[in-house]
Amino acid sequence: MQKTPLPSGDTSGPTGTDFTLDITSSANAALISNGGYLVSNGVIVTRNNSGSFVAVQRSCTLESYGLIYQGSANRFYCANHGATFSENGNVTNGPASIALTTYHTQLTGTSLRIYS
């Protein structure tokens, strides 16, 4: 059973985001398989079931609890309140009412850039 992450104190995503992950690095191994995800620089980076990369803020917009990615359901989930968000950040189930901040992704070779 996964523990509910403590609130981060911020219900909005980081601004000015621009970082790169080497998807072949062992630290980023979760991104090799469809449905995998990791958290880096306040952002959840996922490889969805169709193989596309998606990046959103790591914290729920209700009370800033850490989100998890549920690849089988193609959604982000807050285990604290049950809020869910689509891969494009829209709220699909409350009590959260504010969409997630989303980020652009660009894969060049094995380098995945995540940026605002």
# chains A, B, ... in the order shown; residues from 1 in each chain; ligands from 1
call {"tool": "residues_around", "arguments": {"residues": "segment 62-76 of chain A", "least_positions_apart": "6", "cutoff": "12 Å", "atoms": "only C-alpha atoms", "output": "count of residues only"}}
result
56
call {"tool": "select_by_dssp", "arguments": {"residues": "chain A", "states": "helix (DSSP H, G or I)", "output": "ChimeraX atom specification"}}
result
/A:26-31,71-73
call {"tool": "write_last_selection", "arguments": {"atoms": "C-alpha atoms", "output": "PDB file, in the first residue's frame"}}
result
ATOM      1  CA  SER A  26      19.105   4.104 -14.080  1.00  0.00           C
ATOM      2  CA  ALA A  27      17.652   6.987 -12.022  1.00  0.00           C
ATOM      3  CA  ASN A  28      15.041   7.480 -14.758  1.00  0.00           C
ATOM      4  CA  ALA A  29      14.346   3.810 -15.496  1.00  0.00           C
ATOM      5  CA  ALA A  30      10.625   4.264 -14.769  1.00  0.00           C
ATOM      6  CA  LEU A  31      10.321   6.152 -18.055  1.00  0.00           C
ATOM      7  CA  GLY A  71      -1.134   4.342 -15.944  1.00  0.00           C
ATOM      8  CA  SER A  72      -3.899   1.738 -16.210  1.00  0.00           C
ATOM      9  CA  ALA A  73      -6.479   4.534 -15.872  1.00  0.00           C
TER      10      ALA A  73
END
call {"tool": "closest_residue", "arguments": {"among": "A:Ile23, A:Ile32, A:Cys60, A:Ala79", "to": "Thr110 of chain A", "atoms": "only C-alpha atoms"}}
result
A:Ile23
call {"tool": "decode", "arguments": {"residues": "segment 35-51 of chain A", "atoms": "all heavy atoms", "output": "PDB file, in the first residue's frame"}}
result
ATOM      1  N   GLY A  35       3.436   3.612 -18.975  1.00  0.00           N
ATOM      2  CA  GLY A  35       2.765   3.568 -17.684  1.00  0.00           C
ATOM      3  C   GLY A  35       3.669   3.935 -16.524  1.00  0.00           C
ATOM      4  O   GLY A  35       3.193   4.101 -15.401  1.00  0.00           O
ATOM      5  N   GLY A  36       4.955   4.115 -16.778  1.00  0.00           N
ATOM      6  CA  GLY A  36       5.893   4.465 -15.713  1.00  0.00           C
ATOM      7  C   GLY A  36       5.906   5.964 -15.448  1.00  0.00           C
ATOM      8  O   GLY A  36       5.533   6.761 -16.300  1.00  0.00           O
ATOM      9  N   TYR A  37       6.342   6.332 -14.242  1.00  0.00           N
ATOM     10  CA  TYR A  37       6.451   7.752 -13.902  1.00  0.00           C
ATOM     11  C   TYR A  37       7.511   7.968 -12.839  1.00  0.00           C
ATOM     12  O   TYR A  37       7.918   7.055 -12.144  1.00  0.00           O
ATOM     13  CB  TYR A  37       5.108   8.318 -13.448  1.00  0.00           C
ATOM     14  CG  TYR A  37       4.692   7.951 -12.035  1.00  0.00           C
ATOM     15  CD1 TYR A  37       4.927   8.833 -10.977  1.00  0.00           C
ATOM     16  CD2 TYR A  37       4.063   6.752 -11.756  1.00  0.00           C
ATOM     17  CE1 TYR A  37       4.539   8.514  -9.683  1.00  0.00           C
ATOM     18  CE2 TYR A  37       3.675   6.429 -10.472  1.00  0.00           C
ATOM     19  CZ  TYR A  37       3.918   7.313  -9.436  1.00  0.00           C
ATOM     20  OH  TYR A  37       3.544   6.988  -8.151  1.00  0.00           O
ATOM     21  N   LEU A  38       7.936   9.217 -12.740  1.00  0.00           N
ATOM     22  CA  LEU A  38       8.857   9.631 -11.686  1.00  0.00           C
ATOM     23  C   LEU A  38       8.581  11.099 -11.367  1.00  0.00           C
ATOM     24  O   LEU A  38       7.866  11.783 -12.099  1.00  0.00           O
ATOM     25  CB  LEU A  38      10.317   9.425 -12.108  1.00  0.00           C
ATOM     26  CG  LEU A  38      10.806  10.098 -13.387  1.00  0.00           C
ATOM     27  CD1 LEU A  38      11.168  11.557 -13.163  1.00  0.00           C
ATOM     28  CD2 LEU A  38      12.031   9.355 -13.894  1.00  0.00           C
ATOM     29  N   VAL A  39       9.140  11.553 -10.252  1.00  0.00           N
ATOM     30  CA  VAL A  39       9.002  12.945  -9.848  1.00  0.00           C
ATOM     31  C   VAL A  39      10.379  13.592  -9.894  1.00  0.00           C
ATOM     32  O   VAL A  39      11.347  13.036  -9.373  1.00  0.00           O
ATOM     33  CB  VAL A  39       8.407  13.074  -8.425  1.00  0.00           C
ATOM     34  CG1 VAL A  39       8.375  14.525  -7.975  1.00  0.00           C
ATOM     35  CG2 VAL A  39       7.017  12.457  -8.364  1.00  0.00           C
ATOM     36  N   SER A  40      10.455  14.749 -10.537  1.00  0.00           N
ATOM     37  CA  SER A  40      11.713  15.483 -10.624  1.00  0.00           C
ATOM     38  C   SER A  40      11.408  16.973 -10.678  1.00  0.00           C
ATOM     39  O   SER A  40      10.512  17.398 -11.426  1.00  0.00           O
ATOM     40  CB  SER A  40      12.476  15.055 -11.882  1.00  0.00           C
ATOM     41  OG  SER A  40      13.708  15.735 -11.970  1.00  0.00           O
ATOM     42  N   ASN A  41      12.102  17.750  -9.885  1.00  0.00           N
ATOM     43  CA  ASN A  41      11.975  19.211  -9.901  1.00  0.00           C
ATOM     44  C   ASN A  41      10.542  19.691  -9.700  1.00  0.00           C
ATOM     45  O   ASN A  41      10.110  20.661 -10.312  1.00  0.00           O
ATOM     46  CB  ASN A  41      12.544  19.780 -11.209  1.00  0.00           C
ATOM     47  CG  ASN A  41      14.009  19.492 -11.366  1.00  0.00           C
ATOM     48  OD1 ASN A  41      14.827  19.969 -10.588  1.00  0.00           O
ATOM     49  ND2 ASN A  41      14.359  18.678 -12.348  1.00  0.00           N
ATOM     50  N   GLY A  42       9.779  18.997  -8.859  1.00  0.00           N
ATOM     51  CA  GLY A  42       8.402  19.394  -8.578  1.00  0.00           C
ATOM     52  C   GLY A  42       7.413  19.018  -9.670  1.00  0.00           C
ATOM     53  O   GLY A  42       6.280  19.485  -9.685  1.00  0.00           O
ATOM     54  N   VAL A  43       7.835  18.149 -10.597  1.00  0.00           N
ATOM     55  CA  VAL A  43       7.019  17.751 -11.733  1.00  0.00           C
ATOM     56  C   VAL A  43       6.925  16.226 -11.787  1.00  0.00           C
ATOM     57  O   VAL A  43       7.917  15.535 -11.566  1.00  0.00           O
ATOM     58  CB  VAL A  43       7.652  18.281 -13.053  1.00  0.00           C
ATOM     59  CG1 VAL A  43       6.890  17.799 -14.273  1.00  0.00           C
ATOM     60  CG2 VAL A  43       7.748  19.800 -13.034  1.00  0.00           C
ATOM     61  N   ILE A  44       5.714  15.710 -12.082  1.00  0.00           N
ATOM     62  CA  ILE A  44       5.564  14.289 -12.375  1.00  0.00           C
ATOM     63  C   ILE A  44       5.758  14.136 -13.877  1.00  0.00           C
ATOM     64  O   ILE A  44       5.075  14.799 -14.664  1.00  0.00           O
ATOM     65  CB  ILE A  44       4.180  13.753 -11.996  1.00  0.00           C
ATOM     66  CG1 ILE A  44       3.965  13.776 -10.495  1.00  0.00           C
ATOM     67  CG2 ILE A  44       4.009  12.321 -12.507  1.00  0.00           C
ATOM     68  CD1 ILE A  44       2.622  13.224 -10.075  1.00  0.00           C
ATOM     69  N   VAL A  45       6.682  13.268 -14.248  1.00  0.00           N
ATOM     70  CA  VAL A  45       6.934  12.975 -15.656  1.00  0.00           C
ATOM     71  C   VAL A  45       6.504  11.528 -15.878  1.00  0.00           C
ATOM     72  O   VAL A  45       6.931  10.632 -15.150  1.00  0.00           O
ATOM     73  CB  VAL A  45       8.421  13.153 -16.011  1.00  0.00           C
ATOM     74  CG1 VAL A  45       8.654  12.878 -17.490  1.00  0.00           C
ATOM     75  CG2 VAL A  45       8.909  14.549 -15.628  1.00  0.00           C
ATOM     76  N   THR A  46       5.640  11.299 -16.850  1.00  0.00           N
ATOM     77  CA  THR A  46       5.131   9.962 -17.124  1.00  0.00           C
ATOM     78  C   THR A  46       5.374   9.584 -18.575  1.00  0.00           C
ATOM     79  O   THR A  46       5.539  10.439 -19.442  1.00  0.00           O
ATOM     80  CB  THR A  46       3.606   9.868 -16.884  1.00  0.00           C
ATOM     81  OG1 THR A  46       2.931  10.561 -17.926  1.00  0.00           O
ATOM     82  CG2 THR A  46       3.223  10.454 -15.552  1.00  0.00           C
ATOM     83  N   ARG A  47       5.376   8.298 -18.789  1.00  0.00           N
ATOM     84  CA  ARG A  47       5.303   7.767 -20.157  1.00  0.00           C
ATOM     85  C   ARG A  47       3.972   7.032 -20.205  1.00  0.00           C
ATOM     86  O   ARG A  47       3.814   5.984 -19.575  1.00  0.00           O
ATOM     87  CB  ARG A  47       6.463   6.828 -20.446  1.00  0.00           C
ATOM     88  CG  ARG A  47       6.481   6.377 -21.892  1.00  0.00           C
ATOM     89  CD  ARG A  47       7.749   5.642 -22.215  1.00  0.00           C
ATOM     90  NE  ARG A  47       7.963   5.644 -23.652  1.00  0.00           N
ATOM     91  CZ  ARG A  47       9.136   5.436 -24.215  1.00  0.00           C
ATOM     92  NH1 ARG A  47      10.201   5.202 -23.465  1.00  0.00           N
ATOM     93  NH2 ARG A  47       9.248   5.447 -25.515  1.00  0.00           N
ATOM     94  N   ASN A  48       3.003   7.611 -20.899  1.00  0.00           N
ATOM     95  CA  ASN A  48       1.666   7.038 -20.867  1.00  0.00           C
ATOM     96  C   ASN A  48       1.583   5.741 -21.673  1.00  0.00           C
ATOM     97  O   ASN A  48       2.568   5.297 -22.260  1.00  0.00           O
ATOM     98  CB  ASN A  48       0.605   8.070 -21.281  1.00  0.00           C
ATOM     99  CG  ASN A  48       0.705   8.486 -22.731  1.00  0.00           C
ATOM    100  OD1 ASN A  48       1.331   7.840 -23.557  1.00  0.00           O
ATOM    101  ND2 ASN A  48       0.067   9.597 -23.050  1.00  0.00           N
ATOM    102  N   ASN A  49       0.408   5.157 -21.706  1.00  0.00           N
ATOM    103  CA  ASN A  49       0.241   3.853 -22.347  1.00  0.00           C
ATOM    104  C   ASN A  49       0.456   3.879 -23.852  1.00  0.00           C
ATOM    105  O   ASN A  49       0.694   2.837 -24.454  1.00  0.00           O
ATOM    106  CB  ASN A  49      -1.126   3.266 -22.010  1.00  0.00           C
ATOM    107  CG  ASN A  49      -1.193   2.831 -20.560  1.00  0.00           C
ATOM    108  OD1 ASN A  49      -0.211   2.342 -20.020  1.00  0.00           O
ATOM    109  ND2 ASN A  49      -2.319   3.025 -19.925  1.00  0.00           N
ATOM    110  N   SER A  50       0.372   5.055 -24.476  1.00  0.00           N
ATOM    111  CA  SER A  50       0.641   5.134 -25.912  1.00  0.00           C
ATOM    112  C   SER A  50       2.109   5.472 -26.188  1.00  0.00           C
ATOM    113  O   SER A  50       2.513   5.613 -27.338  1.00  0.00           O
ATOM    114  CB  SER A  50      -0.275   6.167 -26.576  1.00  0.00           C
ATOM    115  OG  SER A  50      -0.005   7.460 -26.089  1.00  0.00           O
ATOM    116  N   GLY A  51       2.913   5.611 -25.116  1.00  0.00           N
ATOM    117  CA  GLY A  51       4.340   5.873 -25.266  1.00  0.00           C
ATOM    118  C   GLY A  51       4.711   7.346 -25.292  1.00  0.00           C
ATOM    119  O   GLY A  51       5.884   7.688 -25.402  1.00  0.00           O
TER     120      GLY A  51
END
